[in-house]
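One file, work_37.txt, carrying compact mmCIF, C-alpha atoms:
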```
# COMPACT_ATOMS: atom_id res chain seq x y z
CA MET T 1 -41.06 24.37 -21.67
CA PRO T 2 -43.03 22.20 -24.16
CA PRO T 3 -45.69 20.16 -22.34
CA ARG T 4 -44.44 16.83 -23.72
CA ILE T 5 -40.90 17.15 -22.29
CA ARG T 6 -42.42 18.51 -19.09
CA ILE T 7 -44.58 15.41 -18.64
CA ILE T 8 -41.63 13.14 -19.45
CA ALA T 9 -39.41 14.99 -16.92
CA ILE T 10 -42.12 14.76 -14.21
CA LEU T 11 -42.65 11.04 -14.89
CA ILE T 12 -38.90 10.31 -14.79
CA CYS T 13 -38.52 12.20 -11.49
CA ILE T 14 -41.48 10.40 -9.91
CA LEU T 15 -40.19 7.02 -11.11
CA LEU T 16 -36.69 7.81 -9.82
CA VAL T 17 -37.92 8.83 -6.37
CA ALA T 18 -40.28 5.84 -6.16
CA TYR T 19 -37.53 3.44 -7.28
CA VAL T 20 -35.07 4.83 -4.71
CA PHE T 21 -37.70 4.38 -1.97
CA GLU T 22 -38.29 0.81 -3.14
CA LEU T 23 -34.54 0.08 -3.13
CA VAL T 24 -34.23 1.38 0.43
CA ARG T 25 -37.30 -0.65 1.47
CA ARG T 26 -35.74 -3.82 0.02
CA ARG T 27 -32.42 -2.93 1.70
CA HIS T 28 -30.63 -2.83 -1.65
CA LEU T 29 -29.60 0.78 -1.03
CA SER T 30 -28.59 2.22 2.30
CA GLU T 31 -30.27 5.33 3.69
CA GLU T 32 -26.94 7.16 3.53
CA TYR T 33 -26.66 6.79 -0.23
CA SER T 34 -30.35 7.24 -0.96
CA MET T 35 -30.23 10.79 0.42
CA GLY T 36 -28.50 12.35 -2.62
CA TRP T 37 -30.77 10.63 -5.13
CA LEU T 38 -33.95 11.56 -3.26
CA VAL T 39 -32.94 15.20 -2.84
CA ALA T 40 -31.90 15.45 -6.51
CA GLY T 41 -35.08 13.68 -7.68
CA CYS T 42 -37.31 15.96 -5.60
CA LEU T 43 -35.52 19.12 -6.77
CA MET T 44 -35.84 18.08 -10.42
CA LEU T 45 -39.53 17.31 -9.79
CA ILE T 46 -40.10 20.78 -8.33
CA LEU T 47 -38.33 22.36 -11.32
CA SER T 48 -40.40 20.32 -13.77
CA VAL T 49 -43.74 20.98 -12.05
CA SER T 50 -43.39 24.64 -11.17
CA GLU T 51 -42.69 26.74 -14.26
CA GLY T 52 -42.23 29.89 -12.15
CA VAL T 53 -39.28 28.45 -10.24
CA LEU T 54 -37.78 27.12 -13.48
CA ILE T 55 -38.04 30.53 -15.17
CA TRP T 56 -36.55 32.24 -12.14
CA ILE T 57 -33.58 29.84 -11.95
CA SER T 58 -33.06 29.93 -15.75
CA ASN T 59 -32.77 33.72 -15.57
CA LEU T 60 -30.46 33.40 -12.60
CA VAL T 61 -28.00 31.05 -14.36
CA GLY T 62 -28.49 32.77 -17.72
CA ALA T 63 -29.99 29.79 -19.57
CA THR T 64 -31.97 30.64 -22.72
CA LEU T 65 -33.76 27.28 -22.84
CA PHE T 66 -35.62 25.97 -19.81
CA THR T 67 -34.68 22.41 -20.68
CA SER T 68 -31.01 23.33 -20.51
CA THR T 69 -31.56 24.43 -16.89
CA LEU T 70 -32.77 20.92 -16.10
CA PHE T 71 -29.83 19.36 -17.97
CA PHE T 72 -27.41 21.73 -16.26
CA PHE T 73 -28.58 20.83 -12.75
CA GLY T 74 -28.75 17.14 -13.67
CA LEU T 75 -25.13 17.31 -14.80
CA VAL T 76 -24.04 19.20 -11.67
CA PHE T 77 -25.71 16.52 -9.57
CA LEU T 78 -24.01 13.68 -11.49
CA VAL T 79 -20.56 15.28 -11.19
CA THR T 80 -21.10 15.82 -7.45
CA ILE T 81 -22.27 12.28 -6.83
CA CYS T 82 -19.36 10.83 -8.91
CA LEU T 83 -16.87 12.84 -6.86
CA HIS T 84 -18.55 11.68 -3.66
CA PHE T 85 -18.27 8.06 -4.81
CA SER T 86 -14.58 8.54 -5.72
CA ILE T 87 -13.94 9.80 -2.19
CA ARG T 88 -15.84 6.86 -0.71
CA ILE T 89 -13.97 4.38 -2.95
CA SER T 90 -10.61 5.86 -1.90
CA SER T 91 -11.52 5.53 1.75
CA LEU T 92 -12.87 1.98 1.25
CA THR T 93 -9.70 1.00 -0.64
CA ASN T 94 -7.60 2.19 2.30
CA GLN T 95 -9.78 0.26 4.74
CA VAL T 96 -9.59 -2.90 2.62
CA ARG T 97 -5.80 -2.49 2.38
CA THR T 98 -5.47 -2.25 6.16
CA LEU T 99 -7.75 -5.23 6.68
CA THR T 100 -5.85 -7.29 4.11
CA GLN T 101 -2.52 -6.54 5.77
CA HIS T 102 -3.72 -7.27 9.28
CA MET T 103 -5.49 -10.40 8.12
CA GLY T 104 -2.27 -11.64 6.49
CA ILE T 105 -0.21 -10.95 9.62
CA LEU T 106 -2.78 -12.44 12.01
CA ASN T 107 -3.17 -15.52 9.83
CA SER T 108 0.56 -16.17 9.78
CA GLU T 109 0.77 -15.65 13.56
CA LYS T 110 -2.15 -17.99 14.06
CA GLN T 111 -0.42 -20.59 11.90
CA SER T 112 2.84 -20.21 13.89
CA LEU T 113 1.00 -20.59 17.19
CA GLU T 114 -0.92 -23.62 15.95
CA ASP T 115 2.34 -25.22 14.78
CA GLN T 116 3.96 -24.53 18.15
CA MET T 117 0.99 -25.87 20.08
CA SER T 118 0.84 -29.04 18.00
CA HIS T 119 4.61 -29.49 18.50
CA SER T 120 4.33 -28.95 22.26
CA SER T 121 1.37 -31.34 22.55
CA PHE T 122 3.33 -33.89 20.46
CA ASP T 123 6.34 -33.48 22.80
CA LYS T 124 4.07 -33.85 25.83
CA ASN T 125 2.48 -36.99 24.44
CA SER T 126 5.84 -38.54 23.57
CA SER T 127 7.25 -37.81 27.07
CA GLU T 128 4.13 -39.38 28.63
CA LEU T 129 4.61 -42.41 26.41
CA GLU T 130 8.23 -42.65 27.50
CA LYS T 131 7.14 -42.62 31.16
CA LEU T 132 4.75 -45.46 30.51
CA MET L 1 -5.73 1.88 10.53
CA ASN L 2 -6.13 4.51 13.25
CA LEU L 3 -9.88 4.23 12.88
CA LEU L 4 -9.60 0.47 13.28
CA LYS L 5 -7.42 0.94 16.35
CA LYS L 6 -9.96 3.30 17.90
CA LYS L 7 -12.95 1.06 17.17
CA HIS L 8 -11.42 -2.32 17.91
CA PRO L 9 -8.21 -1.91 19.90
CA GLU L 10 -8.30 -5.59 20.84
CA TRP L 11 -7.81 -6.59 17.16
CA ILE L 12 -4.51 -4.80 16.91
CA SER L 13 -3.35 -5.27 20.47
CA GLU L 14 -0.40 -7.59 20.87
CA LYS L 15 -1.78 -8.70 24.21
CA ALA L 16 -4.08 -11.08 22.36
CA ILE L 17 -1.17 -13.55 22.02
CA PRO L 18 0.29 -15.07 25.20
CA LEU L 19 3.85 -13.85 25.78
CA SER L 20 5.10 -17.36 26.49
CA LEU L 21 4.15 -18.35 22.97
CA LEU L 22 5.65 -15.25 21.42
CA LYS L 23 9.08 -16.03 22.85
CA ASN L 24 9.79 -18.57 20.16
CA LEU L 25 8.89 -16.02 17.49
CA SER L 26 11.44 -13.49 18.68
CA PRO L 27 14.16 -12.53 16.20
CA LYS L 28 17.32 -14.56 15.96
CA LYS L 29 20.67 -13.16 17.07
CA SER L 30 23.42 -13.20 14.51
CA PRO L 31 26.80 -11.54 13.94
CA LEU L 32 25.14 -9.24 11.40
CA ASN L 33 22.35 -8.38 13.82
CA GLY L 34 24.65 -7.02 16.53
CA HIS L 35 22.32 -5.50 19.09
CA HIS L 36 19.85 -4.63 16.35
CA LYS L 37 16.95 -6.85 15.50
CA THR L 38 17.07 -7.05 11.74
CA ILE L 39 14.63 -8.50 9.26
CA ILE L 40 14.71 -8.80 5.49
CA VAL L 41 11.34 -8.13 3.86
CA ILE L 42 10.72 -9.51 0.38
CA PRO L 43 7.38 -8.75 -1.32
CA SER L 44 6.74 -11.37 -3.97
CA PHE L 45 4.09 -12.09 -6.54
CA ASN L 46 4.42 -15.23 -8.66
CA GLU L 47 8.18 -15.48 -8.22
CA GLU L 48 8.61 -19.25 -8.00
CA ALA L 49 11.34 -19.10 -10.64
CA SER L 50 13.63 -16.87 -8.60
CA ILE L 51 12.57 -16.84 -4.93
CA GLY L 52 14.55 -19.97 -4.02
CA GLN L 53 17.82 -18.62 -5.39
CA VAL L 54 17.21 -15.20 -3.77
CA LEU L 55 16.69 -16.81 -0.35
CA GLU L 56 19.74 -19.04 -0.73
CA ASP L 57 21.85 -16.01 -1.69
CA ILE L 58 20.61 -14.12 1.38
CA LYS L 59 21.47 -17.07 3.63
CA LYS L 60 24.91 -17.19 2.02
CA TYR L 61 25.77 -13.49 2.22
CA ALA L 62 23.77 -12.43 5.27
CA PRO L 63 23.50 -15.55 7.42
CA GLY L 64 21.31 -15.61 10.48
CA LEU L 65 19.01 -12.76 9.52
CA ASN L 66 15.27 -13.29 9.75
CA ILE L 67 13.65 -13.36 6.34
CA LEU L 68 10.02 -12.45 5.80
CA VAL L 69 8.43 -13.12 2.42
CA ILE L 70 5.14 -11.38 1.75
CA ASN L 71 3.27 -13.58 -0.66
CA ASP L 72 1.11 -11.05 -2.48
CA GLY L 73 -1.63 -13.40 -3.65
CA SER L 74 0.64 -15.57 -5.81
CA VAL L 75 -1.04 -18.37 -7.72
CA ASP L 76 2.17 -20.38 -8.11
CA LYS L 77 4.36 -22.10 -5.51
CA THR L 78 6.09 -18.94 -4.22
CA ALA L 79 4.85 -19.38 -0.63
CA GLU L 80 5.72 -23.09 -0.38
CA LEU L 81 9.18 -22.52 -1.88
CA ALA L 82 9.89 -19.60 0.45
CA GLU L 83 8.83 -21.67 3.47
CA SER L 84 10.94 -24.61 2.38
CA HIS L 85 13.94 -22.28 2.15
CA GLY L 86 13.44 -21.24 5.76
CA ALA L 87 11.68 -17.91 5.35
CA LYS L 88 8.66 -16.82 7.33
CA VAL L 89 5.77 -16.26 4.94
CA ILE L 90 2.82 -13.92 5.28
CA SER L 91 0.24 -14.57 2.59
CA LEU L 92 -2.16 -11.83 1.56
CA PRO L 93 -5.56 -13.16 0.45
CA TYR L 94 -5.33 -11.57 -3.02
CA ASN L 95 -2.89 -9.57 -5.10
CA SER L 96 -2.79 -6.12 -3.51
CA GLY L 97 0.22 -4.56 -5.20
CA TYR L 98 3.87 -4.01 -4.36
CA GLY L 99 3.36 -1.14 -1.92
CA VAL L 100 0.72 -2.92 0.15
CA ALA L 101 2.81 -6.10 0.35
CA LEU L 102 5.89 -4.14 1.34
CA GLN L 103 4.03 -2.17 4.00
CA THR L 104 2.73 -5.44 5.45
CA GLY L 105 6.37 -6.35 6.11
CA TYR L 106 6.91 -3.05 7.88
CA LEU L 107 3.75 -3.56 9.96
CA TYR L 108 5.08 -6.96 10.99
CA ALA L 109 8.48 -5.45 11.81
CA CYS L 110 6.81 -2.76 13.95
CA LYS L 111 4.68 -5.30 15.76
CA HIS L 112 7.69 -7.46 16.58
CA ASN L 113 9.97 -4.56 17.50
CA TYR L 114 12.54 -4.97 14.77
CA SER L 115 14.91 -2.02 14.66
CA ILE L 116 16.19 -2.49 11.12
CA VAL L 117 14.33 -3.57 8.00
CA VAL L 118 16.06 -4.44 4.75
CA GLN L 119 13.68 -4.58 1.80
CA MET L 120 14.55 -6.25 -1.45
CA ASP L 121 12.86 -7.69 -4.53
CA ALA L 122 12.12 -11.35 -5.12
CA ASP L 123 13.00 -11.37 -8.82
CA GLY L 124 16.75 -11.69 -8.27
CA GLN L 125 17.51 -8.13 -9.42
CA HIS L 126 19.11 -7.17 -6.14
CA ASP L 127 22.46 -8.72 -5.33
CA ALA L 128 22.33 -10.26 -1.85
CA ALA L 129 26.06 -9.60 -1.46
CA CYS L 130 25.19 -5.89 -1.09
CA ILE L 131 22.97 -6.46 1.98
CA GLN L 132 26.04 -6.18 4.17
CA ASP L 133 26.93 -2.81 2.58
CA LEU L 134 23.43 -1.51 3.32
CA LEU L 135 23.54 -2.80 6.90
CA ARG L 136 27.01 -1.42 7.52
CA SER L 137 25.91 1.96 6.27
CA VAL L 138 22.71 2.02 8.33
CA TYR L 139 24.44 0.74 11.52
CA SER L 140 27.37 3.07 11.44
CA SER L 141 25.69 6.38 10.76
CA ASP L 142 22.78 8.50 11.89
CA VAL L 143 21.05 7.87 8.58
CA ASP L 144 17.51 6.46 8.78
CA VAL L 145 17.06 5.23 5.23
CA VAL L 146 19.86 3.82 3.09
CA ILE L 147 18.96 3.37 -0.57
CA GLY L 148 20.89 0.99 -2.78
CA SER L 149 21.38 2.82 -6.06
CA ARG L 150 22.08 1.02 -9.32
CA PHE L 151 23.44 4.20 -10.89
CA LEU L 152 26.17 5.05 -8.38
CA GLY L 153 29.65 3.59 -8.67
CA GLN L 154 30.74 1.40 -11.53
CA ASN L 155 27.51 -0.18 -12.53
CA SER L 156 26.41 -1.17 -15.95
CA TYR L 157 22.68 -1.51 -15.31
CA ARG L 158 20.79 -1.45 -18.58
CA THR L 159 17.25 -0.16 -18.90
CA THR L 160 15.07 1.57 -21.48
CA VAL L 161 15.63 5.22 -22.40
CA ALA L 162 12.12 6.20 -21.25
CA ARG L 163 12.69 4.67 -17.81
CA ARG L 164 16.06 6.35 -17.54
CA ILE L 165 14.53 9.75 -18.37
CA GLY L 166 11.77 9.19 -15.78
CA MET L 167 14.25 8.09 -13.12
CA PHE L 168 16.48 11.07 -13.95
CA ILE L 169 13.66 13.64 -13.64
CA PHE L 170 12.20 12.22 -10.44
CA GLY L 171 15.69 11.63 -9.03
CA LYS L 172 16.52 15.29 -9.61
CA LEU L 173 13.25 16.39 -8.00
CA ALA L 174 13.86 14.11 -5.01
CA SER L 175 17.46 15.38 -4.71
CA LEU L 176 16.22 18.96 -4.82
CA PHE L 177 13.66 18.54 -2.06
CA CYS L 178 15.58 15.98 0.05
CA LYS L 179 18.78 18.06 -0.14
CA GLU L 180 20.63 14.79 -0.65
CA ARG L 181 21.71 13.17 -3.88
CA VAL L 182 19.08 10.68 -5.06
CA SER L 183 20.01 8.95 -8.31
CA ASP L 184 17.68 5.95 -8.05
CA PRO L 185 14.36 6.91 -6.42
CA THR L 186 12.60 3.74 -7.64
CA SER L 187 15.08 1.40 -5.96
CA GLY L 188 13.38 -1.23 -3.83
CA PHE L 189 16.68 -2.24 -2.25
CA GLN L 190 16.77 -0.29 0.99
CA ALA L 191 17.64 -0.54 4.65
CA VAL L 192 15.44 1.37 7.08
CA LYS L 193 16.11 2.06 10.73
CA GLY L 194 14.21 3.01 13.89
CA LYS L 195 11.31 5.45 13.70
CA ALA L 196 11.37 5.43 9.90
CA ILE L 197 10.00 1.86 10.10
CA ASN L 198 7.00 3.10 12.11
CA PHE L 199 6.52 5.92 9.63
CA ILE L 200 6.45 3.53 6.67
CA ALA L 201 3.96 1.36 8.54
CA SER L 202 1.68 4.38 9.10
CA ASP L 203 -1.17 5.75 6.99
CA TYR L 204 1.15 8.30 5.38
CA TYR L 205 2.60 5.56 3.20
CA PRO L 206 1.44 5.77 -0.46
CA PRO L 207 -1.00 2.94 -1.14
CA ASP L 208 0.36 1.80 -4.53
CA TYR L 209 4.14 2.06 -4.55
CA PRO L 210 6.70 4.23 -2.79
CA ASP L 211 8.90 6.42 -4.95
CA ALA L 212 10.39 9.91 -5.08
CA ASP L 213 7.26 11.35 -3.45
CA PHE L 214 7.69 9.21 -0.36
CA LEU L 215 11.41 9.99 -0.14
CA ILE L 216 10.50 13.69 -0.13
CA MET L 217 7.95 13.05 2.62
CA LEU L 218 10.53 11.12 4.66
CA SER L 219 12.99 13.93 4.27
CA GLN L 220 10.38 16.52 5.27
CA CYS L 221 9.77 14.58 8.46
CA GLY L 222 13.43 14.88 9.35
CA PHE L 223 14.56 11.38 8.37
CA LYS L 224 18.02 11.25 6.89
CA ILE L 225 18.41 9.51 3.54
CA ARG L 226 21.62 8.29 1.95
CA GLU L 227 22.40 6.42 -1.23
CA ILE L 228 25.10 3.84 -1.58
CA PRO L 229 26.11 1.98 -4.74
CA VAL L 230 24.77 -1.57 -5.11
CA LYS L 231 24.92 -4.16 -7.80
CA MET L 232 21.70 -4.91 -9.62
CA HIS L 233 21.12 -7.53 -12.25
CA PRO L 234 18.64 -7.05 -15.04
CA SER L 235 15.38 -8.78 -14.16
CA LYS L 236 15.11 -12.23 -15.74
CA VAL L 237 11.40 -11.80 -16.28
CA ASN L 238 10.24 -8.59 -17.90
CA LYS L 239 7.70 -7.66 -15.26
CA SER L 240 8.25 -3.97 -14.61
CA MET L 241 5.65 -2.16 -12.54
CA HIS L 242 5.78 0.79 -14.92
CA GLY L 243 5.21 -0.64 -18.38
CA GLY L 244 2.86 0.41 -21.21
CA LEU L 245 -0.08 2.62 -20.28
CA GLN L 246 0.92 2.33 -16.63
CA SER L 247 4.00 4.42 -17.35
CA ILE L 248 1.76 7.36 -18.31
CA TYR L 249 -0.18 6.89 -15.08
CA TYR L 250 3.12 6.59 -13.20
CA VAL L 251 4.44 9.94 -14.51
CA PHE L 252 1.12 11.67 -13.79
CA LYS L 253 0.82 10.13 -10.34
CA MET L 254 4.37 10.99 -9.40
CA PHE L 255 4.12 14.66 -10.42
CA LEU L 256 0.77 15.02 -8.64
CA SER L 257 2.00 13.18 -5.57
CA ILE L 258 5.18 15.26 -5.28
CA PHE L 259 3.15 18.44 -5.75
CA VAL L 260 0.60 17.62 -3.04
CA THR L 261 3.32 16.28 -0.73
CA LEU L 262 4.92 19.72 -0.86
CA LEU L 263 1.55 21.40 -0.22
CA ARG L 264 0.62 19.20 2.74
CA LYS L 265 1.49 19.89 6.34
CA LYS L 266 4.50 17.94 7.55
CA PRO L 267 3.29 14.70 9.14
CA LYS L 268 3.94 14.41 12.85
CA VAL L 269 6.41 11.64 13.62
```

Can you turn what I pasted into structure tokens?
Amino acid sequence: MPPRIRIIAILICILLVAYVFELVRRRHLSEEYSMGWLVAGCLMLILSVSEGVLIWISNLVGATLFTSTLFFFGLVFLVTICLHFSIRISSLTNQVRTLTQHMGILNSEKQSLEDQMSHSSFDKNSSELEKL
Amino acid sequence: MNLLKKKHPEWISEKAIPLSLLKNLSPKKSPLNGHHKTIIVIPSFNEEASIGQVLEDIKKYAPGLNILVINDGSVDKTAELAESHGAKVISLPYNSGYGVALQTGYLYACKHNYSIVVQMDADGQHDAACIQDLLRSVYSSDVDVVIGSRFLGQNSYRTTVARRIGMFIFGKLASLFCKERVSDPTSGFQAVKGKAINFIASDYYPPDYPDADFLIMLSQCGFKIREIPVKMHPSKVNKSMHGGLQSIYYVFKMFLSIFVTLLRKKPKV
């Protein structure tokens, strides 16, 4: 791998890992979601630093260019993380749907009860007034 | 929902409301009710132009039935109009789609132990005079879901060729797997009885809109489905759920949904 692209790849990986750590520290990213990015960033860093591992993996997957090995694994990671997010979004959508429905029902029941209570207190007041 | 029930049972428990207060919320008795508690569920989104007439027609042709309007995040006066016409209104905080609004009605029906739910649209397409036909059919037989079909009998319902082709294909598929003739799988004019109400209120219900796929699922679970002819008027406002690019998504979604429904294990009822 040409030294220039190697340095760029190492720098990007270090920046990515550092940025993810910073996001977790500032509570902008939860630990659960930082896991994938950290693991992917560290793996890419290992591949960029150690030429031996990169050559071995390139031969394993049949890549002629070492850079394509990096691109290949980067792409695999992106597809995986997108699928993971789609699953999470589906599950969150279902949860939001359930919450919306229950909120609507509870709100209407609360309104009905409030109306009834105000009516009953009005009736009570008027009967007390009549007594007086 | 099950997860919510497990984590916070007190949120969903009906015990949270004193029984003495609930008494006044119990369903009305009417000649059409018989010994069944019946409710009409109407999902509506920005239907101020038609909701009043729809509710008046229901009161005229099916007097005494409880009416529940699900206001699906309307920005017009749908909720106020529905309330002023004597319907109970549940307002969702934002527009969540037809299926979600409809299922909210079923959740309410489950919670308040209604034994029959009639669902209809708020745009005036469904003729309220046919509610009695649906109820008669669902009372007098062992059928769980009665669908009002616009294509049975002597109807002259007009729609686009593309929609007709779609309805024909999915109707045939539904008929094939339900082993019962289904000519109008997209019909939102239905009467549902007993355990089928609980099933529709469950997590098995499709989140966007119910169609042929859900009919197949109902049939797989052992619920009996029957179609009866009903009168439908063309919608005054052209607000179909399956227009433009959405129709492509609809066809894709329906094929995929039917396919995976057949692959899945039968849900336990």

Where's the centre, and what are the edge lengths in Å to one decimal, of a box along x, y and z enclosing all listed atoms of segment 17-22 of chain T padded 4 Å per side, as JSON?
```
{"center_x": -37.7, "center_y": 4.8, "center_z": -4.6, "size_x": 13.2, "size_y": 16.0, "size_z": 13.3}
```

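Nearest to Phe151 of chain L of all the residues L:Ile228, L:Leu65, L:Val260, L:Ala128 is L:Ile228, based on only C-alpha atoms.
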
Practice prompt. Have a look at L:Met217, L:Leu176, L:Arg136, L:His233 and name the one nearest to Thr159 of chain L; count only C-alpha atoms.
Written response: L:His233

For the interface of segment 20-119 of chain T with segment 105-115 of chain L (cut-off 9 Å, counting only C-alpha atoms), please tabulate each contacting residue of segment 20-119 of chain T alongside its nearest pair of atoms and their separation in Å to one decimal, rows sorted by chain and increasing number, as CSV.
```
residue,atom,partner,partner_atom,distance
T:Gln101,CA,L:Leu107,CA,8.1
T:His102,CA,L:Leu107,CA,8.4
T:Ile105,CA,L:Tyr108,CA,6.8
```

Worksheet item: With only C-alpha atoms as the basis for distance, which of L:Ala49, L:Ile90, L:Ile40, L:Val138 is at the shortest distance from Ile67 of chain L?
Response: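 Once distances to Ile67 of chain L are computed over only C-alpha atoms, the minimum belongs to L:Ile40.
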
Discussion item. Select, as number ranges by chain, those residues of chain T with any atom no more than 9 Å from chain L (distances computed using all atoms listed in the file).
Written reply: T: 93-95, 97-109, 112-113, 116-117

Worksheet entry | Top pick for closest residue to Leu38 of chain T, considering T:Phe85, T:Phe21, T:Phe122, T:Phe72 and counting only C-alpha atoms | T:Phe21

Discussion item. Please compute the atom CA of Ser126 of chain T-atom CA of Lys110 of chain T distance, one decimal, in Å.
Written reply: 24.0 Å

List the spatial neighbours of segment 52-69 of chain T as an mmCIF file with C-alpha atoms, keeping the file's coordinate frame - criterion: any atom at most 9 Å away, only C-alpha atoms, same-chain residues fewer than 6 positions off excluded.
```cif
data_model
loop_
_atom_site.group_PDB
_atom_site.id
_atom_site.type_symbol
_atom_site.label_atom_id
_atom_site.label_comp_id
_atom_site.auth_asym_id
_atom_site.auth_seq_id
_atom_site.Cartn_x
_atom_site.Cartn_y
_atom_site.Cartn_z
ATOM 1 C CA MET T 1 -41.060 24.370 -21.670
ATOM 2 C CA ILE T 5 -40.900 17.150 -22.290
ATOM 3 C CA ARG T 6 -42.420 18.510 -19.090
ATOM 4 C CA ILE T 46 -40.100 20.780 -8.330
#
```

Worksheet item: Need the neighbours of (-24.6, 11.7, -6.5): which residues are at most 10 Å away, counting all atoms listed in the file, as JSON, numbers by chain?
Response: {"T": [33, 34, 35, 36, 37, 38, 39, 40, 74, 76, 77, 78, 79, 80, 81, 82, 83, 84, 85]}

Worksheet item: If you measure from atom CA of Arg164 of chain L to atom CA of Gly244 of chain L, what distance in Å do you get, rounded to one decimal?
Response: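 For atom CA of Arg164 of chain L relative to atom CA of Gly244 of chain L, the distance reads 14.9 Å.
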
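The environment of Asp211 of chain L within 9 Å, counting only C-alpha atoms and disregarding residues fewer than 2 places along the same chain, consists of L:Phe170, L:Pro185, L:Thr186, L:Ser187, L:Gly188, L:Pro206, L:Tyr209, L:Asp213, L:Phe214, L:Leu215, L:Ile216, L:Met254.
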